[in-house]
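Just final-v8.csv here, CSV, C-alpha atoms:
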chain,number,residue,atom,x,y,z
M,11,MET,CA,0.0,0.0,0.0
M,12,SER,CA,1.4,3.4,-1.0
M,13,SER,CA,1.9,6.2,1.5
M,14,ASP,CA,-1.0,8.1,-0.1
M,15,ASN,CA,-3.3,5.2,0.3
M,16,ILE,CA,-2.2,4.8,3.9
M,17,ILE,CA,-3.0,8.4,4.7
M,18,GLU,CA,-6.4,8.1,3.0
M,19,HIS,CA,-7.1,4.9,4.8
M,20,ILE,CA,-6.3,6.6,8.2
M,21,PHE,CA,-8.1,10.0,7.6
M,22,THR,CA,-11.2,9.1,5.6
M,23,PRO,CA,-13.0,7.6,8.7
M,24,PHE,CA,-12.2,10.8,10.6
M,25,GLN,CA,-14.1,12.9,8.1
M,26,GLU,CA,-17.0,10.5,8.2
M,27,SER,CA,-17.0,10.9,12.0
M,28,ILE,CA,-16.8,14.7,11.8
M,29,ASN,CA,-19.7,14.8,9.2
M,30,SER,CA,-21.8,12.5,11.4
M,31,GLU,CA,-21.2,14.7,14.5
M,32,GLN,CA,-22.0,17.8,12.6
M,33,ASP,CA,-25.3,16.3,11.4
M,34,VAL,CA,-26.2,15.5,15.0
M,35,ARG,CA,-25.4,19.0,16.1
M,36,GLU,CA,-27.4,20.6,13.4
M,37,GLU,CA,-30.4,18.4,14.3
M,38,ILE,CA,-30.0,19.4,18.0
M,39,ARG,CA,-29.8,23.1,17.1
M,40,ASN,CA,-33.1,22.8,15.1
M,41,ILE,CA,-34.8,21.2,18.0
M,42,MET,CA,-33.4,23.7,20.5
M,43,LYS,CA,-34.8,26.5,18.4
M,44,ASP,CA,-38.3,25.3,19.2
M,45,ILE,CA,-37.5,24.7,22.9
M,46,GLU,CA,-36.0,28.1,23.2
M,47,LYS,CA,-39.0,29.7,21.5
M,48,SER,CA,-41.2,28.3,24.2
M,49,LEU,CA,-38.7,29.4,26.9
M,50,ARG,CA,-38.9,33.0,25.7
M,51,GLU,CA,-42.7,32.8,25.7
M,52,ILE,CA,-42.7,31.5,29.3
M,53,VAL,CA,-40.4,34.3,30.3
M,54,THR,CA,-42.7,36.9,28.7
M,55,THR,CA,-45.8,35.4,30.2
M,56,LEU,CA,-44.4,35.4,33.7
M,57,GLN,CA,-43.2,39.0,33.5
M,58,ILE,CA,-46.8,39.9,34.5
M,59,ILE,CA,-45.8,39.4,38.2
M,60,HIS,CA,-43.8,42.7,37.9
M,61,ARG,CA,-46.8,44.6,36.5
M,62,THR,CA,-49.9,43.6,38.6
M,63,LEU,CA,-51.1,42.4,42.0
M,64,ASN,CA,-54.1,40.7,40.5
M,65,GLY,CA,-54.0,37.1,41.7
M,66,GLU,CA,-56.3,35.9,38.9
M,67,GLU,CA,-54.0,37.3,36.2
M,68,ILE,CA,-51.0,35.7,37.8
M,69,SER,CA,-52.8,32.4,38.1
M,70,ALA,CA,-53.7,32.6,34.4
M,71,ALA,CA,-50.1,33.4,33.5
M,72,CYS,CA,-49.0,30.2,35.5
M,73,PHE,CA,-51.6,28.2,33.6
M,74,THR,CA,-50.3,29.5,30.3
M,75,ALA,CA,-46.7,28.7,31.3
M,76,ARG,CA,-47.8,25.2,32.2
M,77,SER,CA,-49.2,24.7,28.7
M,78,LEU,CA,-45.9,26.0,27.2
M,79,PHE,CA,-44.0,23.6,29.3
M,80,ASN,CA,-46.0,20.9,27.6
M,81,VAL,CA,-44.4,22.1,24.3
M,82,VAL,CA,-41.0,22.0,25.9
M,83,GLN,CA,-41.6,18.4,27.0
M,84,LYS,CA,-42.3,17.4,23.4
M,85,GLY,CA,-39.1,19.2,22.3
M,86,PHE,CA,-37.0,17.2,24.8
M,87,GLU,CA,-38.7,14.0,23.7
M,88,LYS,CA,-37.4,14.7,20.2
M,89,LEU,CA,-34.0,15.6,21.5
M,90,ASP,CA,-33.8,12.4,23.5
M,91,SER,CA,-34.2,10.4,20.2
M,92,VAL,CA,-31.4,12.3,18.5
M,93,ILE,CA,-28.7,12.1,21.1
M,94,PRO,CA,-26.4,9.1,20.4
M,95,GLU,CA,-26.3,6.6,23.2
M,96,GLY,CA,-23.8,7.5,26.0
M,97,GLN,CA,-22.9,10.9,24.4
M,98,TYR,CA,-24.9,13.2,26.6
M,99,TYR,CA,-21.9,15.2,27.8
M,100,ARG,CA,-20.5,15.5,24.3
M,101,TYR,CA,-23.5,17.5,23.2
M,102,ASN,CA,-25.0,19.0,26.3
M,103,ASP,CA,-23.5,22.5,25.7
M,104,HIS,CA,-26.4,22.9,23.2
M,105,TRP,CA,-29.1,22.7,25.9
M,106,ARG,CA,-27.4,23.4,29.2
M,107,TYR,CA,-28.1,27.1,29.4
M,108,ALA,CA,-31.7,26.7,28.2
M,109,THR,CA,-32.3,23.9,30.7
M,110,GLN,CA,-31.0,26.1,33.6
M,111,ARG,CA,-33.4,28.9,32.5
M,112,LEU,CA,-36.3,26.4,32.3
M,113,CYS,CA,-35.5,25.1,35.8
M,114,PHE,CA,-35.7,28.6,37.1
M,115,LEU,CA,-39.0,29.2,35.3
M,116,ALA,CA,-40.5,25.9,36.6
M,117,ALA,CA,-39.4,26.9,40.2
M,118,LEU,CA,-41.0,30.3,39.7
M,119,VAL,CA,-44.3,28.8,38.6
M,120,VAL,CA,-44.4,26.4,41.6
M,121,PHE,CA,-43.5,29.3,43.9
M,122,LEU,CA,-46.3,31.5,42.5
M,123,GLU,CA,-48.8,28.6,42.6
M,124,LYS,CA,-47.9,26.9,45.9
M,125,GLY,CA,-45.4,29.1,47.7
M,126,PHE,CA,-42.8,26.4,48.2
M,127,LEU,CA,-39.5,25.2,46.6
M,128,VAL,CA,-39.9,22.6,43.8
M,129,ASP,CA,-37.7,19.6,44.1
M,130,LYS,CA,-35.4,18.2,41.4
M,131,VAL,CA,-37.6,15.3,40.5
M,132,THR,CA,-40.7,17.4,40.0
M,133,THR,CA,-38.6,19.9,38.0
M,134,ALA,CA,-37.5,17.1,35.7
M,135,GLN,CA,-41.1,16.1,35.3
M,136,ILE,CA,-42.2,19.6,34.4
M,137,LEU,CA,-39.5,19.9,31.8
M,138,GLY,CA,-40.0,16.4,30.5
M,139,LEU,CA,-36.5,15.2,31.4
M,140,HIS,CA,-37.6,12.4,33.7
M,141,GLU,CA,-37.3,8.7,32.7
M,142,LYS,CA,-35.5,9.5,29.4
M,143,SER,CA,-33.0,7.0,27.9
M,144,ARG,CA,-30.4,9.5,26.9
M,145,LEU,CA,-31.3,12.8,28.6
M,146,HIS,CA,-31.5,13.7,32.3
M,147,LEU,CA,-31.6,16.8,34.5
M,148,ASP,CA,-28.2,17.6,35.7
M,149,LEU,CA,-28.0,18.6,39.4
M,150,GLU,CA,-25.9,21.7,38.4
M,151,ASP,CA,-28.6,22.9,36.0
M,152,TYR,CA,-31.3,22.5,38.7
M,153,LEU,CA,-29.2,24.4,41.3
M,154,MET,CA,-28.4,27.2,38.8
M,155,GLY,CA,-32.1,27.5,38.2
M,156,LEU,CA,-32.8,28.0,41.9
M,157,LEU,CA,-30.1,30.7,42.1
M,158,ASN,CA,-31.7,32.5,39.2
M,159,LEU,CA,-35.0,32.2,41.0
M,160,ALA,CA,-33.6,34.1,44.0
M,161,THR,CA,-32.5,37.0,41.8
M,162,GLU,CA,-36.0,37.1,40.2
M,163,LEU,CA,-37.7,37.0,43.6
M,164,ALA,CA,-35.5,39.9,44.8
M,165,ARG,CA,-36.8,42.0,41.9
M,166,PHE,CA,-40.4,40.7,42.6
M,167,ALA,CA,-40.1,41.9,46.2
M,168,VAL,CA,-39.2,45.4,45.2
M,169,ASN,CA,-41.9,45.6,42.6
M,170,SER,CA,-44.5,44.2,45.0
M,171,VAL,CA,-43.9,47.2,47.3
M,172,THR,CA,-44.3,49.5,44.3
M,173,PHE,CA,-47.7,48.2,43.7
M,174,GLY,CA,-48.7,48.2,47.4
M,175,ASP,CA,-48.3,44.5,48.3
M,176,TYR,CA,-46.4,44.6,51.6
M,177,SER,CA,-46.9,41.0,52.6
M,178,ARG,CA,-45.3,39.5,49.5
M,179,PRO,CA,-41.7,40.7,50.5
M,180,LEU,CA,-42.1,38.9,53.8
M,181,GLN,CA,-43.0,35.6,52.1
M,182,ILE,CA,-40.1,36.1,49.6
M,183,SER,CA,-37.7,36.9,52.4
M,184,LYS,CA,-38.5,33.8,54.4
M,185,PHE,CA,-38.3,31.6,51.2
M,186,VAL,CA,-35.0,33.0,50.0
M,187,ALA,CA,-33.5,32.8,53.5
M,188,GLU,CA,-34.4,29.1,53.6
M,189,LEU,CA,-33.0,28.6,50.1
M,190,ASN,CA,-29.7,30.4,51.2
M,191,ALA,CA,-29.5,28.1,54.2
M,192,GLY,CA,-29.9,25.1,52.0
M,193,PHE,CA,-27.1,26.1,49.7
M,194,ARG,CA,-24.9,26.7,52.6
M,195,LEU,CA,-25.2,23.0,53.5
M,196,LEU,CA,-23.4,22.2,50.2
M,197,ASN,CA,-19.7,22.2,49.6
M,198,LEU,CA,-19.7,23.7,46.2
M,199,LYS,CA,-16.5,23.1,44.2
M,200,ASN,CA,-17.8,23.8,40.7
M,201,ASP,CA,-16.4,27.2,39.7
M,202,SER,CA,-19.5,28.6,37.8
M,203,LEU,CA,-21.9,27.3,40.4
M,204,ARG,CA,-19.8,28.6,43.3
M,205,LYS,CA,-19.5,32.1,41.7
M,206,ARG,CA,-23.3,32.2,41.1
M,207,PHE,CA,-23.9,31.1,44.7
M,208,ASP,CA,-21.6,33.9,45.9
M,209,ALA,CA,-24.0,36.4,44.3
M,210,LEU,CA,-26.9,34.9,46.3
M,211,LYS,CA,-26.0,37.0,49.4
M,212,TYR,CA,-26.7,40.2,47.4
M,213,ASP,CA,-30.2,38.9,46.6
M,214,VAL,CA,-30.7,38.1,50.3
M,215,LYS,CA,-29.5,41.5,51.3
M,216,LYS,CA,-31.7,43.3,48.8
M,217,ILE,CA,-34.8,41.5,50.0
M,218,GLU,CA,-33.9,42.1,53.7
M,219,GLU,CA,-33.5,45.8,53.0
M,220,VAL,CA,-37.0,45.9,51.5
M,221,VAL,CA,-38.5,44.2,54.6
M,222,TYR,CA,-36.5,46.4,56.9
M,223,ASP,CA,-37.7,49.5,55.2
M,224,LEU,CA,-41.3,48.3,55.3
M,225,THR,CA,-40.9,47.6,59.0
M,226,LEU,CA,-39.5,51.0,59.8
M,227,ARG,CA,-42.4,52.6,58.0
M,228,GLY,CA,-44.9,50.6,60.0
M,229,LEU,CA,-46.2,48.8,57.0
M,230,VAL,CA,-45.6,45.3,58.3
M,231,PRO,CA,-45.2,43.8,61.8
M,232,ASN,CA,-41.7,43.9,63.2
M,233,SER,CA,-39.6,40.7,63.4
M,234,GLY,CA,-40.5,40.2,67.0
M,235,GLY,CA,-44.1,39.6,66.0
M,236,GLY,CA,-45.4,42.7,67.8
M,237,GLU,CA,-47.2,45.7,66.5
M,238,ALA,CA,-46.0,47.6,63.5
M,239,VAL,CA,-43.3,50.1,64.2
M,240,GLU,CA,-44.6,53.7,64.2

With the file now loaded, output its structure as structure tokens.
Amino acid sequence: MSSDNIIEHIFTPFQESINSEQDVREEIRNIMKDIEKSLREIVTTLQIIHRTLNGEEISAACFTARSLFNVVQKGFEKLDSVIPEGQYYRYNDHWRYATQRLCFLAALVVFLEKGFLVDKVTTAQILGLHEKSRLHLDLEDYLMGLLNLATELARFAVNSVTFGDYSRPLQISKFVAELNAGFRLLNLKNDSLRKRFDALKYDVKKIEEVVYDLTLRGLVPNSGGGEAVE
């Protein structure tokens, strides 16, 4: 076999592998376009919490978000059929950020509906990432979503006061304080997750300042459970 034939014999399979990978990535990108479209629609729908106190309108927004999550589930169903067996981490850069955002939005919907923290299993079910053969919900993506939730709730607390809802910041303050306590139980070594967690203290401080200001103005009971401060 000549040297040219040897080179061709070695490198031809490489190009076939590259072409195959590019085809998979292109298919993933097309599926993610649909998932990200629903993601943007959910974000837009839930922004109503910063514009109104009307409980019925917020409930309707959560209902709409739930229906959009059904579309997301179908998208991940398609994605699961495209990912080659055992190659999750080779391609997950295509959906990691979107998944983190969707985790945040799922957690926000559950908070608005029920007032408690959604667990990882339920989040995977909302997104359609449970019981998949090739896809799953990474713990890091779930935790990133919760940290993003804290930032959104800090903004929600401020805007609630603007619209005259003085009880909502108290609920948010308690919720985020408990979330912060939960994260402090973890020994985070992942750089990006650790950096994002470090920012949580600013969200906590922002919410605490809102509650403190309300208390000083006599708009909520003080922390001792007594009468409002005059």

Q: Write out as a list in words which residues come within 12 Å of segment 130-132 of chain M when counting all atoms listed in the file, dropping same-chain ones fewer than 5 positions away.
A: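 The contact residues come out as Gln110, Cys113, Phe114, Ala116, Ala117, Val120, Leu137, Gly138, Leu139, His140, Glu141, His146, Leu147, Asp148, Leu149, Glu150, Asp151, Tyr152, Leu153, Met154, Gly155 and Leu156 of chain M.
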
Q | Nearest residue to Arg144 of chain M from the set M:Asp33, M:Glu95, M:Glu188, M:Asp175 (distances using all atoms listed in the file) | A | M:Glu95

**Q.** Near-Asp90 of chain M list (12 Å; only C-alpha atoms; drop same-chain fewer than 6 positions) as JSON, numbers by chain
**A.** {"M": [34, 37, 38, 41, 42, 83, 84, 96, 97, 98, 101, 102, 105, 138, 139, 140, 141, 142, 143, 144, 145, 146]}

Q: Would you mind telling me which residue in M:Leu118, M:Leu63, M:Ile28, M:Leu112 lies nearest to Arg50 of chain M when using all atoms listed in the file?
A: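 That would be M:Leu112, the residue with the smallest distance to Arg50 of chain M.
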
Q) Rounded to one decimal in Å, what is the spacing between atom CA of His60 of chain M and atom CA of Leu163 of chain M? A) 10.1 Å

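Between atom CA of Arg111 of chain M and atom CA of Leu159 of chain M the separation is 9.3 Å.
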
Select from segment 57-174 of chain M every residue with an atom at most 7 Å from any atom of segment 196-219 of chain M, then for each give the shortest pair of atoms and their distance in Å to one decimal, using only C-alpha atoms, rows by chain and rising number, as a Markdown table.
| residue | atom | partner | partner_atom | distance |
| --- | --- | --- | --- | --- |
| M:Met154 | CA | M:Leu203 | CA | 6.7 |
| M:Leu157 | CA | M:Phe207 | CA | 6.7 |
| M:Ala160 | CA | M:Asp213 | CA | 6.4 |
| M:Thr161 | CA | M:Asp213 | CA | 5.7 |
| M:Ala164 | CA | M:Ile217 | CA | 5.5 |
| M:Ala167 | CA | M:Ile217 | CA | 6.5 |

Just to be explicit: take each residue in the selection above, keep C-alpha atoms, and write the result as a compact mmCIF listing (two decimals), in the coordinates of the input.
# COMPACT_ATOMS: atom_id res chain seq x y z
CA MET M 154 -28.40 27.20 38.80
CA LEU M 157 -30.10 30.70 42.10
CA ALA M 160 -33.60 34.10 44.00
CA THR M 161 -32.50 37.00 41.80
CA ALA M 164 -35.50 39.90 44.80
CA ALA M 167 -40.10 41.90 46.20

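For the set M:Leu195, M:Ile52, M:Ala187, M:Ile182, the residue with the smallest atom-to-atom gap to Val220 of chain M is M:Ile182, counting all atoms listed in the file.
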
Q.
When you look at Arg61 of chain M with a cut-off of 10 Å (counting all atoms listed in the file), what residues show up, excluding the ones that are within fewer than 6 positions of it in the same chain? I need them as an MDAnalysis selection string.
A. chainID M and resid 68 166 169:170 172:173

Give me a file of those residues, with C-alpha atoms, as a PDB file, in the coordinates of the input.
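Done, and the output landed in result-v4.pdb:
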ATOM      1  CA  ILE M  68     -51.000  35.700  37.800  1.00  0.00           C
ATOM      2  CA  PHE M 166     -40.400  40.700  42.600  1.00  0.00           C
ATOM      3  CA  ASN M 169     -41.900  45.600  42.600  1.00  0.00           C
ATOM      4  CA  SER M 170     -44.500  44.200  45.000  1.00  0.00           C
ATOM      5  CA  THR M 172     -44.300  49.500  44.300  1.00  0.00           C
ATOM      6  CA  PHE M 173     -47.700  48.200  43.700  1.00  0.00           C
TER       7      PHE M 173
END

Q. Of the residues M:Val186, M:Tyr176, M:Arg165, M:Arg39, which is the one nearest to Arg227 of chain M, using only C-alpha atoms?
A.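 Comparing M:Val186, M:Tyr176, M:Arg165, M:Arg39 against Arg227 of chain M, the winner is M:Tyr176.
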
(Q) Using all atoms listed in the file for the distances, tell me which of M:Phe86, M:Phe73, M:Tyr222, M:Phe185 is nearest to Glu46 of chain M. (A) M:Phe86

Q) Between M:Glu87, M:Glu123, M:Asp44, M:Asp223, which one has atoms that come closest to Glu66 of chain M, using all atoms listed in the file? A)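 Using all atoms listed in the file, Glu66 of chain M sits closest to M:Glu123.
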
Q | Point-to-point distance in Å for atom CA of Leu180 of chain M and atom CA of Thr74 of chain M | A | 26.6 Å

Q.
Around the point (-41.6, 20.5, 32.0) (coordinates from the file), which residues reach within 7 Å if we count only C-alpha atoms? Answer as number ranges by chain.
A. M: 79-80, 82-83, 133-138
